[in-house]
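input-v3.txt follows; it contains compact mmCIF, C-alpha atoms.
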```txt
# COMPACT_ATOMS: atom_id res chain seq x y z
CA MET I 3 -10.55 29.96 -87.22
CA SER I 4 -10.21 31.51 -83.76
CA THR I 5 -13.05 33.62 -82.48
CA GLY I 6 -12.52 37.26 -83.17
CA SER I 7 -9.66 36.73 -85.61
CA PRO I 8 -9.84 38.10 -89.17
CA VAL I 9 -6.97 35.87 -90.27
CA PRO I 10 -8.29 32.73 -91.99
CA SER I 11 -7.10 29.14 -91.67
CA LEU I 12 -5.33 29.25 -88.33
CA PRO I 13 -3.66 25.93 -87.44
CA PRO I 14 -5.19 24.00 -84.55
CA VAL I 15 -3.98 24.90 -81.06
CA GLU I 16 -2.04 21.85 -80.02
CA GLY I 17 1.22 21.94 -78.19
CA ALA I 18 3.33 19.98 -75.74
CA GLY I 19 6.89 20.41 -74.61
CA LEU I 20 8.95 22.76 -76.73
CA SER I 21 6.15 23.22 -79.27
CA ARG I 22 4.26 25.32 -76.72
CA PHE I 23 6.86 28.06 -77.11
CA PHE I 24 5.94 28.57 -80.77
CA LEU I 25 2.14 28.47 -80.78
CA ALA I 26 1.74 32.07 -81.93
CA LEU I 27 4.60 31.86 -84.43
CA GLU I 28 2.71 29.10 -86.24
CA VAL I 29 0.46 31.90 -87.54
CA PRO I 30 2.26 33.48 -90.57
CA PRO I 31 0.95 37.08 -90.13
CA TYR I 32 2.10 37.03 -86.53
CA ARG I 33 5.69 36.37 -87.63
CA TRP I 34 5.70 39.68 -89.53
CA LEU I 35 4.04 41.39 -86.58
CA TRP I 36 6.73 39.96 -84.29
CA GLY I 37 9.44 41.32 -86.59
CA SER I 38 7.81 44.74 -86.55
CA THR I 39 7.74 44.63 -82.75
CA PHE I 40 11.42 43.70 -82.74
CA PHE I 41 12.58 46.86 -84.51
CA GLY I 42 9.99 49.11 -82.87
CA SER I 43 11.09 47.96 -79.43
CA MET I 44 14.73 48.54 -80.24
CA ALA I 45 13.89 52.11 -81.21
CA PHE I 46 11.82 52.66 -78.08
CA GLY I 47 14.54 51.38 -75.75
CA ALA I 48 17.29 53.45 -77.37
CA ARG I 49 15.14 56.58 -77.35
CA THR I 50 14.25 56.12 -73.67
CA LEU I 51 17.91 55.94 -72.66
CA ALA I 52 18.75 58.90 -74.90
CA ASP I 53 15.97 61.02 -73.38
CA GLY I 54 17.10 60.38 -69.83
CA TRP I 55 20.77 60.99 -70.54
CA LEU I 56 20.09 64.13 -72.59
CA VAL I 57 17.93 65.73 -69.90
CA LEU I 58 20.43 64.81 -67.18
CA THR I 59 23.19 66.40 -69.27
CA LEU I 60 21.16 69.56 -69.97
CA THR I 61 19.93 70.13 -66.40
CA ASP I 62 22.06 68.00 -64.03
CA SER I 63 18.79 67.42 -62.13
CA PRO I 64 16.94 64.17 -61.28
CA PHE I 65 13.76 66.24 -61.06
CA TRP I 66 13.90 67.24 -64.73
CA VAL I 67 14.72 63.67 -65.75
CA GLY I 68 11.48 62.69 -64.06
CA MET I 69 9.64 65.68 -65.50
CA ALA I 70 10.61 64.78 -69.08
CA ALA I 71 9.13 61.34 -68.53
CA GLY I 72 6.15 62.84 -66.71
CA VAL I 73 5.00 65.04 -69.57
CA GLN I 74 5.02 62.01 -71.87
CA GLY I 75 2.88 60.20 -69.34
CA LEU I 76 0.58 63.19 -69.13
CA GLY I 77 -0.06 63.03 -72.87
CA LEU I 78 -0.78 59.32 -72.65
CA VAL I 79 -3.12 59.71 -69.68
CA LEU I 80 -5.02 62.64 -71.21
CA PHE I 81 -5.58 60.92 -74.54
CA GLY I 82 -5.67 57.25 -73.49
CA ALA I 83 -9.45 56.81 -73.42
CA PHE I 84 -9.86 58.64 -76.76
CA GLY I 85 -7.08 56.64 -78.38
CA GLY I 86 -8.93 53.41 -77.63
CA VAL I 87 -12.11 54.76 -79.23
CA LEU I 88 -10.16 55.69 -82.36
CA VAL I 89 -8.68 52.19 -82.53
CA ASP I 90 -12.16 50.65 -82.39
CA ARG I 91 -13.08 52.80 -85.43
CA LEU I 92 -9.93 52.38 -87.55
CA ASP I 93 -8.09 49.71 -89.45
CA LYS I 94 -5.73 48.53 -86.69
CA ARG I 95 -2.81 47.81 -88.98
CA LYS I 96 -2.98 51.16 -90.77
CA ALA I 97 -3.36 53.02 -87.48
CA LEU I 98 -0.27 51.30 -86.08
CA ILE I 99 1.76 52.07 -89.22
CA ALA I 100 0.79 55.75 -89.06
CA MET I 101 1.73 56.04 -85.38
CA GLN I 102 5.09 54.34 -85.89
CA LEU I 103 5.98 56.66 -88.76
CA ALA I 104 5.09 59.68 -86.64
CA VAL I 105 7.15 58.45 -83.68
CA GLY I 106 10.13 57.73 -85.95
CA THR I 107 9.91 61.27 -87.34
CA LEU I 108 10.08 62.70 -83.82
CA MET I 109 13.15 60.60 -83.05
CA LEU I 110 14.84 61.88 -86.20
CA LEU I 111 13.94 65.47 -85.28
CA MET I 112 15.49 65.08 -81.82
CA GLY I 113 18.65 63.63 -83.31
CA LEU I 114 19.05 66.54 -85.71
CA LEU I 115 18.43 69.09 -82.95
CA VAL I 116 21.14 67.52 -80.79
CA LEU I 117 23.66 67.17 -83.61
CA THR I 118 23.18 70.80 -84.68
CA GLU I 119 23.48 71.91 -81.02
CA ARG I 120 20.07 73.58 -81.10
CA VAL I 121 18.35 71.38 -78.55
CA ALA I 122 16.73 72.94 -75.50
CA LEU I 123 14.83 71.50 -72.56
CA TRP I 124 11.48 72.88 -73.76
CA GLN I 125 11.93 71.02 -77.05
CA VAL I 126 12.58 67.74 -75.23
CA LEU I 127 9.49 68.26 -73.11
CA SER I 128 7.31 69.17 -76.10
CA VAL I 129 8.40 66.13 -78.11
CA ALA I 130 7.86 63.90 -75.09
CA PHE I 131 4.28 65.16 -74.71
CA VAL I 132 3.49 64.50 -78.39
CA GLN I 133 5.00 61.04 -78.11
CA GLY I 134 2.62 60.36 -75.24
CA LEU I 135 -0.34 61.35 -77.42
CA LEU I 136 0.83 59.04 -80.20
CA MET I 137 1.36 56.14 -77.79
CA ALA I 138 -2.28 56.48 -76.70
CA VAL I 139 -3.25 55.16 -80.15
CA GLN I 140 -0.19 53.03 -80.87
CA MET I 141 -0.47 50.78 -77.82
CA PRO I 142 -4.13 49.69 -78.07
CA ALA I 143 -3.75 49.32 -81.85
CA GLY I 144 -0.81 46.96 -81.39
CA ASN I 145 -2.48 44.89 -78.66
CA THR I 146 -5.75 44.59 -80.55
CA LEU I 147 -3.93 43.61 -83.72
CA ILE I 148 -2.23 40.76 -81.88
CA TYR I 149 -5.60 39.45 -80.67
CA GLN I 150 -7.08 39.65 -84.15
CA VAL I 151 -4.12 37.86 -85.70
CA VAL I 152 -3.76 34.92 -83.28
CA GLY I 153 -7.13 34.59 -81.52
CA PRO I 154 -7.79 34.02 -77.80
CA ARG I 155 -6.18 30.61 -77.21
CA ARG I 156 -2.76 31.67 -78.47
CA LEU I 157 -2.95 35.09 -76.86
CA LEU I 158 -0.82 34.50 -73.74
CA ASN I 159 1.84 32.87 -75.90
CA ALA I 160 1.68 35.71 -78.43
CA MET I 161 1.95 38.40 -75.76
CA ALA I 162 4.90 36.61 -74.19
CA ALA I 163 6.59 36.21 -77.58
CA ARG I 164 6.05 39.91 -78.20
CA MET I 165 7.70 40.69 -74.87
CA LEU I 166 10.54 38.39 -75.88
CA ALA I 167 11.13 40.55 -78.95
CA PHE I 168 11.06 43.63 -76.75
CA ASN I 169 13.63 42.17 -74.39
CA ILE I 170 16.02 40.82 -77.00
CA THR I 171 16.15 44.27 -78.52
CA ARG I 172 16.44 45.84 -75.09
CA ILE I 173 19.62 43.87 -74.45
CA VAL I 174 21.16 44.60 -77.83
CA GLY I 175 19.77 48.11 -78.16
CA SER I 176 20.81 49.17 -74.67
CA VAL I 177 24.41 48.15 -75.19
CA ILE I 178 24.46 49.87 -78.59
CA ALA I 179 22.79 52.99 -77.16
CA GLY I 180 25.25 53.21 -74.27
CA ALA I 181 28.21 52.78 -76.62
CA LEU I 182 26.86 55.38 -79.08
CA ILE I 183 26.30 57.94 -76.35
CA SER I 184 29.77 57.36 -74.88
CA ARG I 185 31.59 57.50 -78.20
CA PHE I 186 29.58 59.77 -80.52
CA GLY I 187 27.15 61.63 -78.27
CA VAL I 188 23.46 61.33 -77.58
CA GLY I 189 22.45 62.62 -81.03
CA SER I 190 23.75 59.45 -82.69
CA CYS I 191 21.53 57.39 -80.37
CA TYR I 192 18.43 59.25 -81.57
CA LEU I 193 19.40 58.61 -85.20
CA PHE I 194 19.88 54.92 -84.44
CA ALA I 195 16.42 54.84 -82.84
CA ALA I 196 14.85 56.59 -85.85
CA GLY I 197 16.42 54.10 -88.25
CA SER I 198 15.15 51.15 -86.23
CA MET I 199 11.64 52.60 -86.06
CA GLY I 200 11.63 53.07 -89.81
CA LEU I 201 11.88 49.29 -90.31
CA SER I 202 8.91 48.52 -88.06
CA PRO I 203 6.04 49.83 -90.26
CA ALA I 204 7.68 48.33 -93.36
CA LEU I 205 7.24 44.82 -91.92
CA LEU I 206 3.61 45.52 -91.03
CA LEU I 207 2.83 45.81 -94.72
CA PHE I 208 3.21 42.02 -94.91
CA VAL I 209 0.59 41.39 -92.20
CA LYS I 210 -2.39 40.34 -94.31
CA GLY I 211 -5.96 40.23 -93.10
CA ASN I 212 -9.09 42.29 -92.61
CA PHE I 213 -8.45 44.60 -89.67
CA ARG I 214 -11.08 47.22 -90.47
CA ALA I 215 -13.54 48.35 -87.83
CA SER I 216 -17.15 47.22 -87.96
CA ALA I 217 -19.53 49.35 -90.01
CA GLU I 218 -21.73 50.24 -87.01
CA ARG I 219 -20.43 53.21 -85.06
CA GLU I 220 -21.96 55.03 -82.14
CA PRO I 221 -21.22 58.74 -81.64
CA PHE I 222 -17.65 59.42 -80.52
CA TRP I 223 -18.37 60.76 -77.04
CA GLN I 224 -20.96 58.08 -76.44
CA ALA I 225 -18.33 55.50 -77.36
CA VAL I 226 -15.87 57.03 -74.88
CA GLY I 227 -18.45 56.90 -72.11
CA GLY I 228 -19.48 53.38 -73.05
CA GLY I 229 -15.92 52.11 -72.74
CA ILE I 230 -15.49 53.70 -69.31
CA ARG I 231 -18.85 52.33 -68.10
CA TYR I 232 -17.99 48.87 -69.37
CA ALA I 233 -14.65 48.84 -67.55
CA TRP I 234 -16.24 50.11 -64.34
CA ALA I 235 -19.13 47.62 -64.44
CA ASN I 236 -16.81 44.65 -65.04
CA GLY I 237 -15.30 44.08 -61.60
CA HIS I 238 -12.44 41.96 -62.96
CA VAL I 239 -11.46 44.56 -65.55
CA ARG I 240 -11.74 47.32 -62.95
CA THR I 241 -9.43 45.44 -60.56
CA LEU I 242 -6.85 44.81 -63.29
CA LEU I 243 -6.83 48.42 -64.46
CA SER I 244 -6.40 49.64 -60.88
CA MET I 245 -3.51 47.23 -60.39
CA SER I 246 -1.97 48.43 -63.63
CA VAL I 247 -1.99 52.02 -62.39
CA LEU I 248 -0.15 50.94 -59.26
CA MET I 249 2.42 48.80 -61.08
CA GLU I 250 3.14 51.49 -63.67
CA THR I 251 3.49 54.21 -61.02
CA PHE I 252 5.68 52.32 -58.58
CA GLY I 253 7.12 49.45 -60.63
CA PHE I 254 8.05 50.24 -64.21
CA SER I 255 8.92 53.82 -63.26
CA TYR I 256 12.26 52.64 -61.84
CA GLN I 257 13.53 52.80 -65.43
CA VAL I 258 13.17 56.59 -65.46
CA MET I 259 15.76 56.90 -62.66
CA LEU I 260 18.28 54.49 -64.21
CA PRO I 261 20.43 57.33 -65.67
CA VAL I 262 20.61 58.92 -62.22
CA MET I 263 21.48 55.60 -60.58
CA ALA I 264 24.16 54.91 -63.18
CA ARG I 265 25.84 58.30 -63.02
CA ASP I 266 25.36 59.48 -59.44
CA VAL I 267 24.94 56.33 -57.31
CA LEU I 268 26.80 53.49 -59.05
CA LYS I 269 29.31 55.81 -60.81
CA VAL I 270 29.41 53.80 -64.05
CA GLY I 271 28.53 56.44 -66.70
CA ALA I 272 26.65 56.00 -69.98
CA SER I 273 28.17 52.63 -70.86
CA GLY I 274 27.25 51.31 -67.41
CA LEU I 275 23.73 52.63 -67.94
CA GLY I 276 23.54 50.60 -71.14
CA TYR I 277 24.57 47.43 -69.31
CA LEU I 278 22.05 48.06 -66.53
CA SER I 279 19.26 48.34 -69.08
CA ALA I 280 20.61 45.29 -70.93
CA ALA I 281 20.62 43.26 -67.71
CA ALA I 282 16.97 44.14 -67.15
CA GLY I 283 16.30 43.01 -70.71
CA ALA I 284 18.16 39.74 -70.16
CA GLY I 285 16.07 38.92 -67.10
CA ALA I 286 12.92 39.88 -68.95
CA MET I 287 13.86 37.67 -71.90
CA VAL I 288 14.24 34.63 -69.65
CA SER I 289 10.90 35.29 -67.96
CA THR I 290 9.00 35.81 -71.20
CA VAL I 291 10.38 32.55 -72.59
CA ALA I 292 9.11 30.87 -69.41
CA VAL I 293 5.66 32.47 -69.76
CA ALA I 294 5.49 31.49 -73.43
CA GLY I 295 6.26 27.92 -72.40
CA LEU I 296 3.20 27.87 -70.15
CA GLY I 297 0.95 27.78 -73.23
CA ASP I 298 -2.71 28.45 -72.37
CA PHE I 299 -1.99 28.66 -68.63
CA LYS I 300 -5.22 28.77 -66.62
CA ARG I 301 -4.29 30.34 -63.26
CA LYS I 302 -3.40 33.73 -64.63
CA GLY I 303 -4.50 35.56 -61.48
CA ALA I 304 -2.05 33.63 -59.31
CA LEU I 305 0.73 34.23 -61.84
CA LEU I 306 -0.09 37.95 -61.86
CA ALA I 307 0.09 38.25 -58.06
CA ALA I 308 3.33 36.27 -57.78
CA CYS I 309 5.12 38.29 -60.45
CA ALA I 310 3.98 41.63 -59.03
CA GLY I 311 5.06 40.75 -55.49
CA ALA I 312 8.46 39.49 -56.62
CA ALA I 313 8.97 42.64 -58.70
CA GLY I 314 8.25 44.90 -55.72
CA ALA I 315 10.74 43.05 -53.52
CA ALA I 316 13.44 43.14 -56.22
CA ILE I 317 12.93 46.87 -56.82
CA LEU I 318 13.42 47.54 -53.10
CA LEU I 319 16.63 45.49 -53.03
CA PHE I 320 17.93 47.23 -56.18
CA ALA I 321 17.36 50.61 -54.55
CA MET I 322 19.37 49.48 -51.50
CA SER I 323 22.32 48.17 -53.53
CA GLY I 324 25.34 50.40 -54.05
CA TRP I 325 27.53 47.70 -55.63
CA TYR I 326 27.37 47.58 -59.41
CA PRO I 327 27.66 43.77 -59.93
CA VAL I 328 24.89 43.14 -57.38
CA SER I 329 22.79 45.88 -58.99
CA LEU I 330 23.14 44.18 -62.37
CA GLY I 331 21.77 40.93 -60.94
CA LEU I 332 18.94 42.64 -59.11
CA VAL I 333 17.87 44.72 -62.09
CA ALA I 334 17.74 41.49 -64.13
CA VAL I 335 15.27 40.07 -61.58
CA VAL I 336 13.26 43.30 -61.71
CA GLY I 337 13.10 43.16 -65.50
CA GLY I 338 12.13 39.49 -65.48
CA THR I 339 9.31 39.73 -62.97
CA LEU I 340 7.89 42.92 -64.46
CA MET I 341 7.77 41.48 -67.99
CA ALA I 342 6.12 38.25 -66.83
CA TYR I 343 3.56 40.40 -65.03
CA ASP I 344 3.07 42.57 -68.13
CA ALA I 345 2.44 39.66 -70.49
CA THR I 346 -0.06 38.13 -68.06
CA MET I 347 -1.84 41.43 -67.43
CA GLY I 348 -2.25 42.23 -71.14
CA THR I 349 -3.58 38.73 -71.82
CA SER I 350 -6.01 38.72 -68.91
CA LEU I 351 -7.56 42.05 -69.86
CA GLN I 352 -8.17 40.97 -73.45
CA LEU I 353 -9.70 37.65 -72.42
CA LEU I 354 -12.09 39.40 -70.04
CA THR I 355 -13.24 41.92 -72.67
CA SER I 356 -15.77 41.52 -75.48
CA ASP I 357 -14.84 42.17 -79.09
CA ALA I 358 -17.05 45.26 -79.38
CA VAL I 359 -15.17 47.29 -76.75
CA ARG I 360 -11.74 45.66 -76.72
CA GLY I 361 -10.04 48.68 -78.29
CA ARG I 362 -11.62 51.04 -75.75
CA VAL I 363 -10.60 48.89 -72.79
CA LEU I 364 -7.09 48.57 -74.18
CA GLY I 365 -7.10 52.34 -74.60
CA LEU I 366 -7.79 52.64 -70.87
CA TYR I 367 -5.04 50.10 -70.28
CA ALA I 368 -2.68 52.19 -72.41
CA LEU I 369 -3.74 55.19 -70.32
CA THR I 370 -2.35 53.43 -67.23
CA PHE I 371 1.03 53.20 -68.98
CA GLY I 372 1.15 56.97 -68.67
CA PHE I 373 1.63 56.48 -64.95
CA THR I 374 5.10 55.02 -65.58
CA PRO I 375 6.59 58.38 -66.53
CA LEU I 376 4.36 60.13 -64.00
CA GLY I 377 5.77 57.74 -61.41
CA GLY I 378 9.19 58.68 -62.74
CA LEU I 379 8.34 62.31 -62.05
CA LEU I 380 7.40 61.36 -58.49
CA SER I 381 10.66 59.40 -58.10
CA GLY I 382 12.61 62.32 -59.53
CA THR I 383 11.03 64.71 -57.06
CA ILE I 384 11.84 62.41 -54.14
CA ALA I 385 15.37 61.93 -55.51
CA THR I 386 15.86 65.69 -55.54
CA LEU I 387 14.60 66.02 -51.97
CA ALA I 388 16.29 62.87 -50.63
CA SER I 389 18.03 60.49 -53.06
CA ALA I 390 17.32 58.29 -56.09
CA PRO I 391 17.48 55.06 -54.01
CA VAL I 392 14.80 56.43 -51.68
CA GLY I 393 12.55 57.36 -54.61
CA ILE I 394 12.89 53.90 -56.18
CA GLY I 395 12.72 51.97 -52.90
CA LEU I 396 9.43 53.55 -51.81
CA GLY I 397 7.89 52.25 -55.01
CA GLY I 398 8.98 48.70 -54.21
CA ILE I 399 7.46 48.97 -50.74
CA ALA I 400 4.14 50.19 -52.19
CA ILE I 401 3.92 47.19 -54.55
CA VAL I 402 4.73 44.63 -51.85
CA ALA I 403 2.12 46.19 -49.55
CA PHE I 404 -0.53 46.08 -52.29
CA VAL I 405 0.10 42.42 -53.14
CA MET I 406 0.07 41.41 -49.47
CA GLY I 407 -3.26 43.17 -49.04
CA ARG I 408 -4.95 42.07 -52.29
CA GLY I 409 -3.11 38.89 -53.22
CA ARG I 410 -5.91 36.50 -52.30
CA LYS I 411 -8.39 38.40 -54.46
CA LEU I 412 -5.95 38.46 -57.36
CA VAL I 413 -5.40 34.71 -57.14
CA ARG I 414 -9.17 34.16 -57.51
CA LEU I 415 -9.48 36.73 -60.31
CA LEU I 416 -9.11 34.34 -63.24
CA PRO I 417 -9.52 30.73 -62.14
CA ALA I 418 -9.75 28.10 -64.85
CA GLU I 419 -12.25 29.58 -67.25
CA GLN I 420 -12.22 32.73 -69.36
CA ARG I 421 -14.97 35.11 -68.28
CA VAL I 422 -16.03 37.73 -70.80
CA VAL I 423 -18.62 40.37 -69.94
CA ARG I 424 -20.60 41.44 -72.98
CA ALA I 425 -20.70 45.06 -73.96
CA PRO I 426 -23.91 46.88 -73.07
CA ASP I 427 -26.35 47.23 -75.94
```
Serialized structure, structure tokens:
Amino acid sequence: MSTGSPVPSLPPVEGAGLSRFFLALEVPPYRWLWGSTFFGSMAFGARTLADGWLVLTLTDSPFWVGMAAGVQGLGLVLFGAFGGVLVDRLDKRKALIAMQLAVGTLMLLMGLLVLTERVALWQVLSVAFVQGLLMAVQMPAGNTLIYQVVGPRRLLNAMAARMLAFNITRIVGSVIAGALISRFGVGSCYLFAAGSMGLSPALLLFVKGNFRASAEREPFWQAVGGGIRYAWANGHVRTLLSMSVLMETFGFSYQVMLPVMARDVLKVGASGLGYLSAAAGAGAMVSTVAVAGLGDFKRKGALLAACAGAAGAAILLFAMSGWYPVSLGLVAVVGGTLMAYDATMGTSLQLLTSDAVRGRVLGLYALTFGFTPLGGLLSGTIATLASAPVGIGLGGIAIVAFVMGRGRKLVRLLPAEQRVVRAPD
């Protein structure tokens, strides 16, 4: 049995060649968790495209496209640290099921508002903010559940396999979302997303194991402070969380401006937007398969730095491209490098964190995800003042500059061994 895992009788971690790709899938509960991720990711991708297209249609403004993403990020940032504390106190599986049901309900509500022609910008912004609050619990619950199901030695493989599910559905879901918006309107895309999200918690019911929190609980606010102090005192965790803020703000935020790039720069409409998102998913799928094939790769710091630097360069080139076929290829590289970075980052943080505070640290990590939509708000503001390519391109430059300045430290961050700092007593 792997340390920290409540799932009994895990098979031994042995793998060579192709078998390394399936280390996590050897664990039966993880297969159900992977299936849940598959449908949840499809819903998330379709809803993201629908949000951007709806706001662009309502306002005809890149600024408001960024603002809609920004208020979601604000909810995630404001509640991120508290969400992690809740996860440390709750049954992870039940918490994830509850959050998915709530998110699916919001998607259904948005679909009905659009179809009945009662939707307004303030409603989109309000729903986005609530979704950010829910994600502050959903994300650390999902990451912690993966660790508990597969244990530390399969974790990189499990995170990569999870990203693979995300990217398969991103390809399929993006094409479906683009086609639905073009043919039936954006309301149908929200209904499709709600239906997909409804399947995700159903599959979690088959994930068996003891995922309850420990009986000992410190006071809530003391727990919040303890998680923050732990992350600050652990220099490796602090460095990774700082890097995550940068990558979310200037890297992943390019997705927020994709509707603007598709309609106003590349002139390809909603269907073209779907193919752009699908291309990013295709590149990400290839990269996550490659990361999964690395098995228990030791030099995670070097991998992290390489992926981040390549992502920054690709984002800059994508911003400079005005030719749709070239943009498709570049966005595939962006998606691939960002997902390889993401899988490595999530793995590294969990391996550096003790069991007692893992949920709280992952709550802080989820908080950094709120900077993606906040970065989208920044890009939208720059796009309004200058252009969408300028807003996206500046983000790529910021990432490249960071990696050039801190790359050597990142390479030494996680050498061969796993270093876990114990939680303070």
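Coordinates place atom CA of Gln352 of chain I at a distance of 28.7 Å from atom CA of Ser279 of chain I.
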Using only C-alpha atoms, I'd like a table of the residues in segment 219-314 of chain I that come within 12 Å of segment 393-396 of chain I; for each, show the closest atom pair and its distance in Å rounded to one decimal, ordered by chain and ascending number, as JSON lines.
```
{"residue": "I:Thr251", "atom": "CA", "partner": "I:Ile394", "partner_atom": "CA", "distance": 10.6}
{"residue": "I:Phe252", "atom": "CA", "partner": "I:Ile394", "partner_atom": "CA", "distance": 7.8}
{"residue": "I:Gly253", "atom": "CA", "partner": "I:Ile394", "partner_atom": "CA", "distance": 8.5}
{"residue": "I:Phe254", "atom": "CA", "partner": "I:Ile394", "partner_atom": "CA", "distance": 10.1}
{"residue": "I:Ser255", "atom": "CA", "partner": "I:Ile394", "partner_atom": "CA", "distance": 8.1}
{"residue": "I:Tyr256", "atom": "CA", "partner": "I:Ile394", "partner_atom": "CA", "distance": 5.8}
{"residue": "I:Gln257", "atom": "CA", "partner": "I:Ile394", "partner_atom": "CA", "distance": 9.3}
{"residue": "I:Val258", "atom": "CA", "partner": "I:Ile394", "partner_atom": "CA", "distance": 9.7}
{"residue": "I:Met259", "atom": "CA", "partner": "I:Ile394", "partner_atom": "CA", "distance": 7.7}
{"residue": "I:Leu260", "atom": "CA", "partner": "I:Ile394", "partner_atom": "CA", "distance": 9.7}
{"residue": "I:Val262", "atom": "CA", "partner": "I:Ile394", "partner_atom": "CA", "distance": 11.0}
{"residue": "I:Met263", "atom": "CA", "partner": "I:Ile394", "partner_atom": "CA", "distance": 9.8}
{"residue": "I:Ala313", "atom": "CA", "partner": "I:Gly395", "partner_atom": "CA", "distance": 11.6}
{"residue": "I:Gly314", "atom": "CA", "partner": "I:Gly395", "partner_atom": "CA", "distance": 8.8}
```
*Please identify all polymer residues lying at most 10 Å from the point (22.1, 47.0, -75.4) (file coordinates), using only C-alpha atoms, and present the result as a PyMOL selection string.*
chain I and resi 44+47-48+169-181+273+275-281+283-284
Each residue of segment 116-220 of chain I lying at most 7 Å from segment 68-84 of chain I should get a row with its shortest atom-to-atom pair and the distance in Å to one decimal, counting only C-alpha atoms; could you produce that, ordered by chain and increasing number, as a tab-separated table?
```
residue	atom	partner	partner_atom	distance
I:Leu127	CA	I:Ala70	CA	5.4
I:Ala130	CA	I:Gln74	CA	4.7
I:Phe131	CA	I:Gln74	CA	4.3
I:Val132	CA	I:Gly77	CA	6.7
I:Gln133	CA	I:Gln74	CA	6.3
I:Gly134	CA	I:Leu78	CA	4.4
I:Leu135	CA	I:Gly77	CA	4.9
I:Met137	CA	I:Leu78	CA	6.4
I:Ala138	CA	I:Gly82	CA	4.7
```
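Using only C-alpha atoms, the smallest distance between any of I:Thr59, I:Thr349, I:Ser329, I:Gln102 and Arg156 of chain I comes from I:Thr349.
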_Residues within 6 Å of segment 330-347 of chain I, please, as a list in words. Count all atoms listed in the file; anything in the same chain fewer than 4 positions from it doesn't count._
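Contacts, in chain order: Met161, Ala162, Leu278, Ala281, Ala282, Gly285, Ala286, Ser289, Thr290, Leu306, Cys309, Ala313, Ala316 and Phe320 of chain I.
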Using only C-alpha atoms, please write the residues we just selected to a file, as a compact mmCIF listing (two decimals), keeping the file's coordinate frame.
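Just written: selection-v9.txt:
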```
# COMPACT_ATOMS: atom_id res chain seq x y z
CA MET I 161 1.95 38.40 -75.76
CA ALA I 162 4.90 36.61 -74.19
CA LEU I 278 22.05 48.06 -66.53
CA ALA I 281 20.62 43.26 -67.71
CA ALA I 282 16.97 44.14 -67.15
CA GLY I 285 16.07 38.92 -67.10
CA ALA I 286 12.92 39.88 -68.95
CA SER I 289 10.90 35.29 -67.96
CA THR I 290 9.00 35.81 -71.20
CA LEU I 306 -0.09 37.95 -61.86
CA CYS I 309 5.12 38.29 -60.45
CA ALA I 313 8.97 42.64 -58.70
CA ALA I 316 13.44 43.14 -56.22
CA PHE I 320 17.93 47.23 -56.18
```
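Across I:Ala160, I:Leu354, I:Leu364, I:Leu60, the tightest approach to Trp124 of chain I is made by I:Leu60 when counting all atoms listed in the file.
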*Rank nothing, just name the residue among I:Ser356, I:Asn159, I:Thr39, I:Ser63 nearest to Leu296 of chain I, using only C-alpha atoms.*
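Result for the nearest residue to Leu296 of chain I: I:Asn159.
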*Would you mind reading off the distance between atom CA of Leu201 of chain I and atom CA of Leu88 of chain I, one decimal, in Å?*
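Rounded to one decimal, the two atoms are 24.3 Å apart.
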*Point-to-point distance in Å for atom CA of Leu58 of chain I and atom CA of Val392 of chain I*: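 Interatomic distance, atom CA of Val392 of chain I to atom CA of Leu58 of chain I: 18.5 Å.
With distances restricted to all atoms listed in the file, I:Arg49 is the closest residue to Tyr192 of chain I from I:Arg49, I:Arg231, I:Arg410, I:Lys96.
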*Close residues, Glu250 of chain I itself excluded, 8 Å, all atoms listed in the file, min 5 positions apart in chain, as a ChimeraX atom specification*: /I:255,370-374,377
Write to file, as an mmCIF file, keeping the file's coordinate frame, the residues of the selection just made, with C-alpha atoms.
```
data_model
loop_
_atom_site.group_PDB
_atom_site.id
_atom_site.type_symbol
_atom_site.label_atom_id
_atom_site.label_comp_id
_atom_site.auth_asym_id
_atom_site.auth_seq_id
_atom_site.Cartn_x
_atom_site.Cartn_y
_atom_site.Cartn_z
ATOM 1 C CA SER I 255 8.920 53.820 -63.260
ATOM 2 C CA THR I 370 -2.350 53.430 -67.230
ATOM 3 C CA PHE I 371 1.030 53.200 -68.980
ATOM 4 C CA GLY I 372 1.150 56.970 -68.670
ATOM 5 C CA PHE I 373 1.630 56.480 -64.950
ATOM 6 C CA THR I 374 5.100 55.020 -65.580
ATOM 7 C CA GLY I 377 5.770 57.740 -61.410
#
```
Hey, could you patch up segment 322-326 of chain I with N, CA and C atoms and hand it over as a PDB file, in the coordinates of the input?
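Saved result, result_21.pdb, follows:
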```pdb
ATOM      1  N   MET I 322      18.463  49.550 -52.652  1.00  0.00           N
ATOM      2  CA  MET I 322      19.370  49.480 -51.500  1.00  0.00           C
ATOM      3  C   MET I 322      20.799  49.133 -51.900  1.00  0.00           C
ATOM      4  N   SER I 323      20.990  48.628 -53.118  1.00  0.00           N
ATOM      5  CA  SER I 323      22.320  48.170 -53.530  1.00  0.00           C
ATOM      6  C   SER I 323      23.171  49.335 -54.032  1.00  0.00           C
ATOM      7  N   GLY I 324      24.397  49.403 -53.548  1.00  0.00           N
ATOM      8  CA  GLY I 324      25.340  50.400 -54.050  1.00  0.00           C
ATOM      9  C   GLY I 324      26.518  49.761 -54.764  1.00  0.00           C
ATOM     10  N   TRP I 325      26.444  48.448 -54.985  1.00  0.00           N
ATOM     11  CA  TRP I 325      27.530  47.700 -55.630  1.00  0.00           C
ATOM     12  C   TRP I 325      27.082  47.298 -57.018  1.00  0.00           C
ATOM     13  N   TYR I 326      27.805  47.740 -58.023  1.00  0.00           N
ATOM     14  CA  TYR I 326      27.370  47.580 -59.410  1.00  0.00           C
ATOM     15  C   TYR I 326      27.093  46.125 -59.812  1.00  0.00           C
TER      16      TYR I 326
END
```
